[in-house]
Protein chains: 2
Amino acid sequence: MTPTPIPTPALTIDEAVVDRNIARMAEWAARRGIALRPHAKTHKSVEIGRRQIAAGATGLTVATISEALVFARAGIDDLFIAYTVWVDDEKAIRLRELLQLARVRIGVDSVAAARQLAGAIPPPERDRLSVLIEIDSGHHRSGVQPERAGELAAEAQALGLRVVGVFTFPGHSYRPDGRAEAARDEAAALHTAAEALTARGVAVSVVSGGSSPSAEFADADVLTELRPGVYALGDAQQWELGSATSEQLALQVLATVVSRGANHLIVDAGSKLLSSDRGAFSTGFGRLLDHPDARIEALSEHHATITHLDLPVGTRVRIVPNHACVAVNLSDAYAVTTRDGDVAFWPIDARGCNA
Amino acid sequence: MTPTPIPTPALTIDEAVVDRNIARMAEWAARRGIALRPHAKTHKSVEIGRRQIAAGATGLTVATISEALVFARAGIDDLFIAYTVWVDDEKAIRLRELLQLARVRIGVDSVAAARQLAGAIPPPERDRLSVLIEIDSGHHRSGVQPERAGELAAEAQALGLRVVGVFTFPGHSYRPDGRAEAARDEAAALHTAAEALTARGVAVSVVSGGSSPSAEFADADVLTELRPGVYALGDAQQWELGSATSEQLALQVLATVVSRGANHLIVDAGSKLLSSDRGAFSTGFGRLLDHPDARIEALSEHHATITHLDLPVGTRVRIVPNHACVAVNLSDAYAVTTRDGDVAFWPIDARGCNA
């Protein structure tokens, strides 16, 4: 319960907790000699991105060209679009604009996409563009098999692209007791892929991995770079996976009890604020920070159904969303509890930047 | 595959299909003598709301005060906030602003909320405010039991609020073969509740129900008003439930194949555009309009994993989102294919209006 004038439902963060989370991961990476390139798709905030850079991050990771443009226009000039973008005519225009503002790395996992990229960005404009080959380390989404990375890298290089290394997303780290194993898979796959590039005569300067659940197990002998995202804000998934403590949960949705049933409460935050993301391991559609036994059993757009809790109508509660990245993308601004206890509003600058 | 210059991923609608959907429901309601008050939380668009009013809707339904303000400022002056709003000080300010612009109905399901509402809106400002008692007709979310509606209505009236009837959302219509049954439950519960009001001396002029899946089974002998939302756009849930045909699906996400695995494709529309909503009855996270056998097996934020389909990288596909209301809330505008084949952009005016 937070007695503030903020209208509910509202997305809130705690500045002090965000800063601590940023410092902790920066220290971890510095201690191991791994470059940190946080994924900004989580927070979509220029303010938070700048704090990550100030704490030592070498640049930011983003998912789309439009996200990259938001951060580049704000002066963050080293960006990795960790995605196999299909650079059609429209995207070529924006990618060329981006290259005026920042050094840009982009992901490739097919010869067709490499050819498309090379055709979209003429050689004179490629100075600040480099390519990483995406490999599949066990998540089975995008990315080539590690042993095929050398062949693809050589073909991309033959097309005139500057290939500088390999990357992966070990998304299968999102399982209880699967975090360390995913980090081992990540290191093994990246090692195989890097060797495959070297065997084809492609010099490897970047070996990039990382997800928030696997980050603490990342192999510093293999990885040169880590790209966790959620760690800055925390969420119920990280909490339930064991990769965040309750003290590291900076992000909460403030909601009000609006109805009481015989065995449940209804609060005014639903899937249009929390998102309906729910891992197979999740206990519900988010967690209540001050009521750990309560369960969010169901969500509609503007209703969350909560069991194992009874409170009067009108009471405010704090909900930790399951998945920070998608919850953040549903609001225009964070209501920030600042270090001195005031409320500030930070825009979610890259909200909706999907293209 | 649509050869347009629209960047992917993009939320698109077909103007002619939207207009046909609006006309069809309007005719259905007119034939049965039921007032139509479409739920605007689905489309969040002033343009579409105006077309619904022009086709005969008596007003619009919304979920929040901020949604209501968007439509009221655009000149739509008869609005039902079908939600048990807890009107705290901040909401009182905006509700009073709204009452300057529109006649407003609001939902109540507890004495506490009725007292809060009465305290927030002083008698001189209540002229354009009326209240409907929300009842539970089987969805088991908010709402009192039908037989208790009379008692609550009498108490709200004693607090000086103008109670004009009852409403329900038969959300348990979202089951295959459950649509007609939910409509029967809705009619029975509304009938019981209306009688309970009458027995307490509260005159009933509004008996309001409706969801898109149950709409065609709505009981015109009981209901005076219907509030379907999704019918205007259609979605994969309605398609798979049998409450929309493929010709009635106006809403699609245009996406590009960006990666190919051994047995799957990846396209560039994920949960940040489609949402991760998925009914227990859904075959996947959306459907491909031109490839009915394909299945969307998994979503991440910017990736959809599609099986039972093989297409070259760079190919465009059209995805029907599972749930229109939450997908629409993730974009700033519709890319509209107009009647004359051009592309127009209609703003999603009430996107993010959660409070």
# chains A, B, ... in the order shown; residues from 1 in each chain; ligands from 1

$ calpha_fit_and_write --fixed "chain B" --moving "chain A" --output "compact mmCIF listing (two decimals) with C-alpha atoms, in the first residue's frame"
# COMPACT_ATOMS: atom_id res chain seq x y z
CA MET A 1 0.85 -11.47 -48.90
CA THR A 2 0.19 -7.79 -49.43
CA PRO A 3 2.61 -5.81 -51.58
CA THR A 4 2.44 -2.48 -49.76
CA PRO A 5 5.03 0.03 -48.55
CA ILE A 6 3.85 -0.39 -44.93
CA PRO A 7 6.79 -1.25 -42.64
CA THR A 8 6.40 -4.57 -40.82
CA PRO A 9 5.27 -5.48 -38.30
CA ALA A 10 2.12 -3.37 -38.62
CA LEU A 11 -1.47 -3.48 -37.40
CA THR A 12 -3.83 -3.25 -40.36
CA ILE A 13 -7.57 -3.09 -40.90
CA ASP A 14 -9.77 -3.27 -43.98
CA GLU A 15 -12.23 -0.38 -44.09
CA ALA A 16 -14.87 -2.22 -46.12
CA VAL A 17 -14.88 -5.17 -43.73
CA VAL A 18 -15.14 -2.89 -40.67
CA ASP A 19 -18.11 -1.08 -42.23
CA ARG A 20 -19.84 -4.37 -43.06
CA ASN A 21 -19.31 -5.64 -39.51
CA ILE A 22 -20.75 -2.43 -38.06
CA ALA A 23 -23.79 -2.56 -40.35
CA ARG A 24 -24.47 -6.25 -39.67
CA MET A 25 -24.63 -5.88 -35.87
CA ALA A 26 -26.63 -2.64 -36.14
CA GLU A 27 -29.23 -4.38 -38.33
CA TRP A 28 -29.35 -7.37 -36.01
CA ALA A 29 -30.04 -5.16 -32.98
CA ALA A 30 -32.57 -2.96 -34.83
CA ARG A 31 -34.48 -6.02 -36.02
CA ARG A 32 -34.84 -7.24 -32.43
CA GLY A 33 -35.53 -3.84 -30.92
CA ILE A 34 -32.42 -3.92 -28.72
CA ALA A 35 -30.35 -0.78 -28.26
CA LEU A 36 -26.74 -1.27 -29.39
CA ARG A 37 -23.98 0.30 -27.31
CA PRO A 38 -20.74 -1.13 -28.74
CA HIS A 39 -17.75 -1.53 -26.44
CA ALA A 40 -15.10 0.89 -27.69
CA LYS A 41 -12.30 -0.72 -25.65
CA THR A 42 -11.86 -3.04 -28.64
CA HIS A 43 -11.05 -0.46 -31.31
CA LYS A 44 -10.19 2.64 -29.19
CA SER A 45 -10.81 4.69 -32.34
CA VAL A 46 -12.89 7.85 -32.63
CA GLU A 47 -13.30 7.18 -36.36
CA ILE A 48 -14.77 3.70 -35.79
CA GLY A 49 -16.87 4.89 -32.84
CA ARG A 50 -18.41 7.60 -35.00
CA ARG A 51 -19.27 5.02 -37.68
CA GLN A 52 -20.99 2.88 -35.03
CA ILE A 53 -23.05 5.85 -33.86
CA ALA A 54 -23.87 6.78 -37.46
CA ALA A 55 -25.12 3.21 -38.00
CA GLY A 56 -27.55 3.60 -35.11
CA ALA A 57 -25.71 2.86 -31.88
CA THR A 58 -27.26 4.77 -28.96
CA GLY A 59 -23.87 5.53 -27.45
CA LEU A 60 -20.62 3.76 -26.64
CA THR A 61 -19.42 1.56 -23.82
CA VAL A 62 -15.95 2.13 -22.36
CA ALA A 63 -13.90 0.58 -19.57
CA THR A 64 -12.23 3.58 -17.93
CA ILE A 65 -12.69 7.29 -17.28
CA SER A 66 -9.72 8.11 -19.51
CA GLU A 67 -11.24 6.14 -22.40
CA ALA A 68 -14.53 7.96 -21.83
CA LEU A 69 -12.77 11.33 -21.98
CA VAL A 70 -11.22 10.52 -25.36
CA PHE A 71 -14.62 9.82 -26.91
CA ALA A 72 -16.42 12.64 -25.07
CA ARG A 73 -13.86 15.19 -26.24
CA ALA A 74 -14.51 13.93 -29.78
CA GLY A 75 -18.20 14.73 -29.36
CA ILE A 76 -19.67 11.32 -28.48
CA ASP A 77 -21.85 12.35 -25.57
CA ASP A 78 -23.56 9.21 -24.28
CA LEU A 79 -21.14 6.88 -22.55
CA PHE A 80 -21.37 3.87 -20.26
CA ILE A 81 -18.31 3.07 -18.15
CA ALA A 82 -19.15 -0.62 -17.71
CA TYR A 83 -16.79 -0.99 -14.80
CA THR A 84 -16.93 -0.80 -11.02
CA VAL A 85 -14.70 2.28 -10.81
CA TRP A 86 -13.34 3.25 -7.40
CA VAL A 87 -13.75 7.02 -7.65
CA ASP A 88 -10.91 8.38 -5.54
CA ASP A 89 -9.98 12.09 -5.45
CA GLU A 90 -8.01 11.99 -8.68
CA LYS A 91 -10.72 10.07 -10.56
CA ALA A 92 -13.38 12.42 -9.17
CA ILE A 93 -11.71 15.36 -10.88
CA ARG A 94 -11.74 13.61 -14.25
CA LEU A 95 -15.24 12.20 -13.81
CA ARG A 96 -16.56 15.70 -13.12
CA GLU A 97 -14.80 16.92 -16.26
CA LEU A 98 -16.42 14.07 -18.17
CA LEU A 99 -19.87 15.00 -16.87
CA GLN A 100 -19.45 18.44 -18.46
CA LEU A 101 -19.13 16.74 -21.83
CA ALA A 102 -21.42 13.71 -21.77
CA ARG A 103 -24.24 11.78 -20.14
CA VAL A 104 -22.43 9.08 -18.17
CA ARG A 105 -23.49 5.76 -16.76
CA ILE A 106 -21.21 3.96 -14.37
CA GLY A 107 -21.18 0.45 -12.87
CA VAL A 108 -21.49 -0.29 -9.15
CA ASP A 109 -21.29 -3.64 -7.33
CA SER A 110 -20.76 -2.61 -3.70
CA VAL A 111 -22.22 -0.18 -1.18
CA ALA A 112 -18.71 1.07 -0.48
CA ALA A 113 -18.17 2.06 -4.12
CA ALA A 114 -21.63 3.65 -4.30
CA ARG A 115 -20.85 5.73 -1.21
CA GLN A 116 -17.49 6.72 -2.68
CA LEU A 117 -19.14 7.76 -5.96
CA ALA A 118 -21.86 9.75 -4.19
CA GLY A 119 -19.22 11.52 -2.12
CA ALA A 120 -17.15 12.31 -5.21
CA ILE A 121 -19.94 13.87 -7.27
CA PRO A 122 -22.03 16.39 -5.32
CA PRO A 123 -25.81 16.42 -6.02
CA PRO A 124 -25.73 19.53 -8.25
CA GLU A 125 -23.33 17.74 -10.61
CA ARG A 126 -25.23 14.44 -10.75
CA ASP A 127 -27.75 15.48 -13.41
CA ARG A 128 -26.04 13.58 -16.19
CA LEU A 129 -24.84 10.68 -14.04
CA SER A 130 -26.68 7.40 -13.62
CA VAL A 131 -25.75 4.03 -12.19
CA LEU A 132 -26.19 0.43 -13.30
CA ILE A 133 -25.81 -2.41 -10.81
CA GLU A 134 -23.34 -5.01 -12.07
CA ILE A 135 -24.37 -8.62 -11.62
CA ASP A 136 -22.51 -11.90 -12.06
CA SER A 137 -24.20 -14.08 -14.68
CA GLY A 138 -21.67 -16.91 -14.57
CA HIS A 139 -18.31 -15.38 -15.46
CA HIS A 140 -17.46 -15.03 -11.73
CA ARG A 141 -15.44 -11.87 -12.00
CA SER A 142 -17.04 -8.67 -10.66
CA GLY A 143 -20.78 -8.16 -10.01
CA VAL A 144 -23.17 -9.16 -7.23
CA GLN A 145 -25.39 -12.22 -7.34
CA PRO A 146 -28.62 -11.35 -9.22
CA GLU A 147 -30.93 -11.77 -6.22
CA ARG A 148 -28.82 -9.28 -4.23
CA ALA A 149 -29.06 -6.56 -6.88
CA GLY A 150 -32.27 -5.07 -5.44
CA GLU A 151 -30.79 -4.49 -2.01
CA LEU A 152 -27.69 -2.81 -3.45
CA ALA A 153 -29.77 -0.69 -5.84
CA ALA A 154 -31.95 0.53 -2.96
CA GLU A 155 -28.88 1.43 -0.91
CA ALA A 156 -27.28 3.28 -3.83
CA GLN A 157 -30.53 5.14 -4.38
CA ALA A 158 -30.66 6.04 -0.70
CA LEU A 159 -27.19 7.54 -1.12
CA GLY A 160 -28.67 9.87 -3.74
CA LEU A 161 -27.51 8.08 -6.87
CA ARG A 162 -29.88 7.57 -9.79
CA VAL A 163 -30.02 3.81 -10.42
CA VAL A 164 -31.52 3.01 -13.83
CA GLY A 165 -30.99 -0.72 -14.18
CA VAL A 166 -28.62 -3.68 -14.27
CA PHE A 167 -25.81 -4.99 -16.45
CA THR A 168 -23.64 -8.05 -16.82
CA PHE A 169 -20.80 -9.41 -18.93
CA PRO A 170 -21.32 -13.08 -19.83
CA GLY A 171 -17.61 -13.70 -20.28
CA HIS A 172 -18.07 -17.45 -20.01
CA SER A 173 -19.29 -17.22 -23.62
CA TYR A 174 -15.62 -17.59 -24.57
CA ARG A 175 -15.88 -21.38 -24.83
CA PRO A 176 -16.61 -23.53 -27.87
CA ASP A 177 -20.25 -24.61 -27.66
CA GLY A 178 -20.70 -22.33 -24.64
CA ARG A 179 -22.02 -19.29 -26.48
CA ALA A 180 -25.76 -20.06 -26.43
CA GLU A 181 -25.60 -21.33 -22.85
CA ALA A 182 -23.87 -18.14 -21.69
CA ALA A 183 -26.60 -16.08 -23.38
CA ARG A 184 -29.25 -18.12 -21.50
CA ASP A 185 -27.39 -17.54 -18.21
CA GLU A 186 -27.16 -13.84 -19.04
CA ALA A 187 -30.90 -13.51 -19.69
CA ALA A 188 -31.85 -15.50 -16.58
CA ALA A 189 -29.54 -13.51 -14.31
CA LEU A 190 -30.58 -10.13 -15.74
CA HIS A 191 -34.25 -11.08 -15.40
CA THR A 192 -33.80 -12.07 -11.74
CA ALA A 193 -31.82 -8.90 -11.03
CA ALA A 194 -34.33 -6.61 -12.75
CA GLU A 195 -37.15 -8.18 -10.73
CA ALA A 196 -35.13 -7.69 -7.55
CA LEU A 197 -34.80 -3.99 -8.30
CA THR A 198 -38.51 -3.66 -9.05
CA ALA A 199 -39.34 -5.44 -5.79
CA ARG A 200 -37.34 -2.78 -3.95
CA GLY A 201 -39.13 0.00 -5.77
CA VAL A 202 -36.26 0.86 -8.10
CA ALA A 203 -37.52 1.50 -11.63
CA VAL A 204 -35.60 -0.43 -14.28
CA SER A 205 -35.16 1.18 -17.68
CA VAL A 206 -31.88 -0.48 -18.72
CA VAL A 207 -31.13 -4.21 -18.82
CA SER A 208 -27.74 -4.44 -20.48
CA GLY A 209 -25.76 -7.47 -21.56
CA GLY A 210 -23.69 -8.75 -24.34
CA SER A 211 -20.41 -10.05 -25.58
CA SER A 212 -19.48 -10.74 -29.20
CA PRO A 213 -19.64 -14.55 -28.88
CA SER A 214 -23.06 -14.51 -27.15
CA ALA A 215 -24.57 -11.58 -29.08
CA GLU A 216 -26.45 -13.60 -31.69
CA PHE A 217 -28.14 -15.60 -28.90
CA ALA A 218 -29.09 -12.56 -26.78
CA ASP A 219 -32.65 -12.70 -25.41
CA ALA A 220 -34.56 -9.69 -26.76
CA ASP A 221 -37.39 -10.33 -24.31
CA VAL A 222 -35.08 -9.55 -21.38
CA LEU A 223 -32.27 -7.33 -22.66
CA THR A 224 -32.90 -3.71 -23.61
CA GLU A 225 -29.27 -3.15 -24.63
CA LEU A 226 -26.29 -5.07 -26.03
CA ARG A 227 -22.59 -4.20 -25.67
CA PRO A 228 -20.49 -6.35 -28.04
CA GLY A 229 -17.02 -5.03 -28.84
CA VAL A 230 -14.88 -7.38 -30.92
CA TYR A 231 -17.47 -7.84 -33.69
CA ALA A 232 -16.31 -4.60 -35.36
CA LEU A 233 -12.81 -5.96 -36.05
CA GLY A 234 -12.97 -9.72 -35.55
CA ASP A 235 -10.12 -11.82 -34.23
CA ALA A 236 -8.84 -15.39 -34.13
CA GLN A 237 -10.76 -16.14 -30.93
CA GLN A 238 -14.08 -15.22 -32.57
CA TRP A 239 -13.08 -17.15 -35.69
CA GLU A 240 -12.21 -20.28 -33.71
CA LEU A 241 -15.34 -19.93 -31.52
CA GLY A 242 -17.52 -19.67 -34.63
CA SER A 243 -18.74 -16.13 -33.92
CA ALA A 244 -16.93 -14.64 -36.93
CA THR A 245 -16.30 -15.97 -40.43
CA SER A 246 -12.99 -15.41 -42.21
CA GLU A 247 -14.74 -12.73 -44.33
CA GLN A 248 -15.51 -10.77 -41.14
CA LEU A 249 -11.87 -10.57 -39.99
CA ALA A 250 -10.97 -6.91 -40.55
CA LEU A 251 -7.89 -6.84 -38.32
CA GLN A 252 -4.55 -8.33 -39.29
CA VAL A 253 -0.93 -7.90 -38.38
CA LEU A 254 1.32 -7.69 -41.39
CA ALA A 255 4.62 -9.46 -40.68
CA THR A 256 7.77 -10.56 -42.52
CA VAL A 257 9.53 -13.93 -42.38
CA VAL A 258 12.97 -13.15 -40.88
CA SER A 259 14.39 -16.62 -40.15
CA ARG A 260 13.85 -20.28 -41.07
CA GLY A 261 14.56 -23.26 -38.83
CA ALA A 262 14.50 -26.93 -39.74
CA ASN A 263 10.76 -27.19 -39.00
CA HIS A 264 9.63 -23.65 -38.34
CA LEU A 265 9.57 -20.07 -39.56
CA ILE A 266 10.16 -16.93 -37.52
CA VAL A 267 8.26 -13.76 -38.39
CA ASP A 268 8.87 -10.28 -36.98
CA ALA A 269 5.59 -9.87 -35.06
CA GLY A 270 5.66 -11.05 -31.45
CA SER A 271 3.90 -10.46 -28.17
CA LYS A 272 4.64 -6.73 -28.27
CA LEU A 273 2.30 -6.46 -31.28
CA LEU A 274 -0.02 -9.49 -31.10
CA SER A 275 -0.13 -9.81 -27.28
CA SER A 276 0.31 -13.21 -25.66
CA ASP A 277 -3.42 -13.70 -25.02
CA ARG A 278 -4.44 -17.28 -25.76
CA GLY A 279 -7.72 -18.94 -24.85
CA ALA A 280 -7.75 -22.54 -23.63
CA PHE A 281 -9.53 -23.35 -26.91
CA SER A 282 -7.07 -21.49 -29.18
CA THR A 283 -4.93 -23.44 -31.64
CA GLY A 284 -2.01 -21.07 -31.18
CA PHE A 285 -1.02 -17.43 -30.65
CA GLY A 286 -3.08 -16.18 -33.60
CA ARG A 287 -3.89 -17.53 -37.06
CA LEU A 288 -2.48 -16.93 -40.53
CA LEU A 289 -5.26 -15.68 -42.77
CA ASP A 290 -3.85 -17.14 -45.99
CA HIS A 291 -2.45 -20.33 -44.47
CA PRO A 292 -5.16 -21.88 -42.29
CA ASP A 293 -3.13 -25.02 -41.53
CA ALA A 294 -0.14 -23.07 -40.17
CA ARG A 295 0.18 -22.83 -36.38
CA ILE A 296 1.77 -20.09 -34.28
CA GLU A 297 3.37 -22.31 -31.66
CA ALA A 298 5.27 -19.73 -29.62
CA LEU A 299 5.73 -16.00 -29.22
CA SER A 300 8.54 -13.91 -27.87
CA GLU A 301 8.48 -10.14 -27.89
CA HIS A 302 9.56 -9.78 -31.52
CA HIS A 303 9.37 -13.34 -32.80
CA ALA A 304 6.47 -15.63 -33.69
CA THR A 305 7.40 -19.28 -34.23
CA ILE A 306 5.24 -20.76 -37.02
CA THR A 307 5.01 -24.45 -37.91
CA HIS A 308 3.28 -26.28 -40.78
CA LEU A 309 4.37 -23.60 -43.21
CA ASP A 310 7.47 -22.95 -45.30
CA LEU A 311 8.13 -19.64 -47.02
CA PRO A 312 11.31 -17.81 -48.09
CA VAL A 313 12.86 -15.24 -45.78
CA GLY A 314 11.49 -11.82 -46.72
CA THR A 315 7.95 -13.06 -47.47
CA ARG A 316 5.09 -11.12 -45.91
CA VAL A 317 2.22 -12.86 -44.12
CA ARG A 318 -1.03 -11.69 -42.53
CA ILE A 319 -1.66 -12.77 -38.94
CA VAL A 320 -5.06 -12.54 -37.28
CA PRO A 321 -4.40 -11.76 -33.58
CA ASN A 322 -6.11 -13.96 -31.00
CA HIS A 323 -7.68 -11.04 -29.15
CA ALA A 324 -8.38 -7.76 -30.94
CA CYS A 325 -8.79 -5.63 -27.79
CA VAL A 326 -5.30 -6.25 -26.44
CA ALA A 327 -3.57 -6.30 -29.84
CA VAL A 328 -5.06 -2.92 -30.79
CA ASN A 329 -3.82 -1.44 -27.51
CA LEU A 330 -0.22 -2.20 -28.58
CA SER A 331 -0.15 0.09 -31.63
CA ASP A 332 -0.48 3.84 -32.15
CA ALA A 333 -2.42 3.67 -35.42
CA TYR A 334 -4.18 1.34 -37.81
CA ALA A 335 -2.78 1.09 -41.33
CA VAL A 336 -6.13 1.08 -43.14
CA THR A 337 -6.77 -0.40 -46.55
CA THR A 338 -9.44 2.02 -47.71
CA ARG A 339 -12.39 1.27 -49.95
CA ASP A 340 -10.50 2.66 -52.94
CA GLY A 341 -7.40 0.57 -52.23
CA ASP A 342 -5.24 3.31 -50.75
CA VAL A 343 -3.52 3.16 -47.38
CA ALA A 344 -4.64 5.56 -44.65
CA PHE A 345 -3.64 5.79 -41.00
CA TRP A 346 -6.30 6.05 -38.28
CA PRO A 347 -5.01 6.87 -34.81
CA ILE A 348 -5.79 4.48 -31.96
CA ASP A 349 -6.94 7.44 -29.90
CA ALA A 350 -7.55 5.68 -26.59
CA ARG A 351 -4.48 3.44 -26.60
CA GLY A 352 -3.08 3.08 -23.09
CA CYS A 353 -6.09 4.73 -21.41
CA ASN A 354 -6.09 2.39 -18.43
CA ALA A 355 -6.93 4.76 -15.56

$ select_by_dssp --residues "segment 130-224 of chain A" --states "alpha helix (DSSP H)" --output "MDAnalysis selection string"
chainID A and resid 149:158 179:199

$ select_by_dssp --residues "segment 166-286 of chain A" --states "strand (DSSP E or B)" --output "mmCIF file with C-alpha atoms, in the first residue's frame"
data_model
loop_
_atom_site.group_PDB
_atom_site.id
_atom_site.type_symbol
_atom_site.label_atom_id
_atom_site.label_comp_id
_atom_site.auth_asym_id
_atom_site.auth_seq_id
_atom_site.Cartn_x
_atom_site.Cartn_y
_atom_site.Cartn_z
ATOM 1 C CA VAL A 166 28.727 -14.343 -33.117
ATOM 2 C CA PHE A 167 25.814 -13.962 -30.718
ATOM 3 C CA VAL A 206 32.789 -10.266 -30.361
ATOM 4 C CA VAL A 207 31.298 -13.341 -28.683
ATOM 5 C CA SER A 208 28.010 -12.121 -27.254
ATOM 6 C CA GLY A 209 25.505 -13.899 -25.049
ATOM 7 C CA GLU A 225 29.971 -9.498 -24.011
ATOM 8 C CA LEU A 226 26.738 -9.955 -22.050
ATOM 9 C CA LEU A 251 8.982 -2.359 -11.110
ATOM 10 C CA GLN A 252 5.452 -2.553 -9.748
ATOM 11 C CA VAL A 253 1.963 -1.830 -10.925
ATOM 12 C CA LEU A 254 -0.051 0.133 -8.415
ATOM 13 C CA ALA A 255 -3.675 -1.049 -8.443
ATOM 14 C CA THR A 256 -6.884 -0.559 -6.456
ATOM 15 C CA VAL A 257 -9.306 -3.209 -5.194
ATOM 16 C CA VAL A 258 -12.581 -2.480 -7.042
ATOM 17 C CA SER A 259 -14.717 -5.537 -6.254
ATOM 18 C CA ARG A 260 -14.898 -8.455 -3.807
ATOM 19 C CA LEU A 265 -10.747 -9.813 -5.051
ATOM 20 C CA ILE A 266 -10.778 -7.829 -8.279
ATOM 21 C CA VAL A 267 -8.220 -5.060 -8.789
#

$ decode --residues "segment 226-240 of chain B" --atoms "N, CA and C atoms" --output "compact mmCIF listing (two decimals), in the first residue's frame"
# COMPACT_ATOMS: atom_id res chain seq x y z
N LEU B 226 -27.37 -4.11 -25.78
CA LEU B 226 -26.30 -5.08 -26.03
C LEU B 226 -24.98 -4.32 -26.20
N ARG B 227 -23.89 -4.91 -25.67
CA ARG B 227 -22.60 -4.20 -25.67
C ARG B 227 -21.46 -5.04 -26.27
N PRO B 228 -21.60 -5.60 -27.44
CA PRO B 228 -20.48 -6.35 -28.03
C PRO B 228 -19.37 -5.39 -28.45
N GLY B 229 -18.13 -5.88 -28.45
CA GLY B 229 -17.01 -5.03 -28.85
C GLY B 229 -16.25 -5.57 -30.04
N VAL B 230 -15.81 -6.83 -29.94
CA VAL B 230 -14.89 -7.38 -30.93
C VAL B 230 -15.50 -7.49 -32.32
N TYR B 231 -16.83 -7.60 -32.39
CA TYR B 231 -17.48 -7.84 -33.69
C TYR B 231 -17.03 -6.84 -34.76
N ALA B 232 -16.66 -5.62 -34.37
CA ALA B 232 -16.31 -4.60 -35.36
C ALA B 232 -15.03 -4.97 -36.12
N LEU B 233 -14.11 -5.63 -35.44
CA LEU B 233 -12.81 -5.95 -36.05
C LEU B 233 -12.63 -7.44 -36.32
N GLY B 234 -13.22 -8.28 -35.46
CA GLY B 234 -12.97 -9.72 -35.55
C GLY B 234 -11.60 -10.08 -35.01
N ASP B 235 -11.42 -11.33 -34.62
CA ASP B 235 -10.11 -11.83 -34.21
C ASP B 235 -10.10 -13.34 -34.27
N ALA B 236 -8.95 -13.93 -33.99
CA ALA B 236 -8.84 -15.39 -34.13
C ALA B 236 -9.70 -16.12 -33.10
N GLN B 237 -9.87 -15.51 -31.92
CA GLN B 237 -10.76 -16.14 -30.93
C GLN B 237 -12.18 -16.25 -31.48
N GLN B 238 -12.71 -15.16 -32.04
CA GLN B 238 -14.07 -15.21 -32.57
C GLN B 238 -14.15 -16.21 -33.73
N TRP B 239 -13.10 -16.23 -34.55
CA TRP B 239 -13.07 -17.15 -35.69
C TRP B 239 -13.12 -18.59 -35.19
N GLU B 240 -12.29 -18.91 -34.20
CA GLU B 240 -12.22 -20.28 -33.71
C GLU B 240 -13.43 -20.66 -32.86
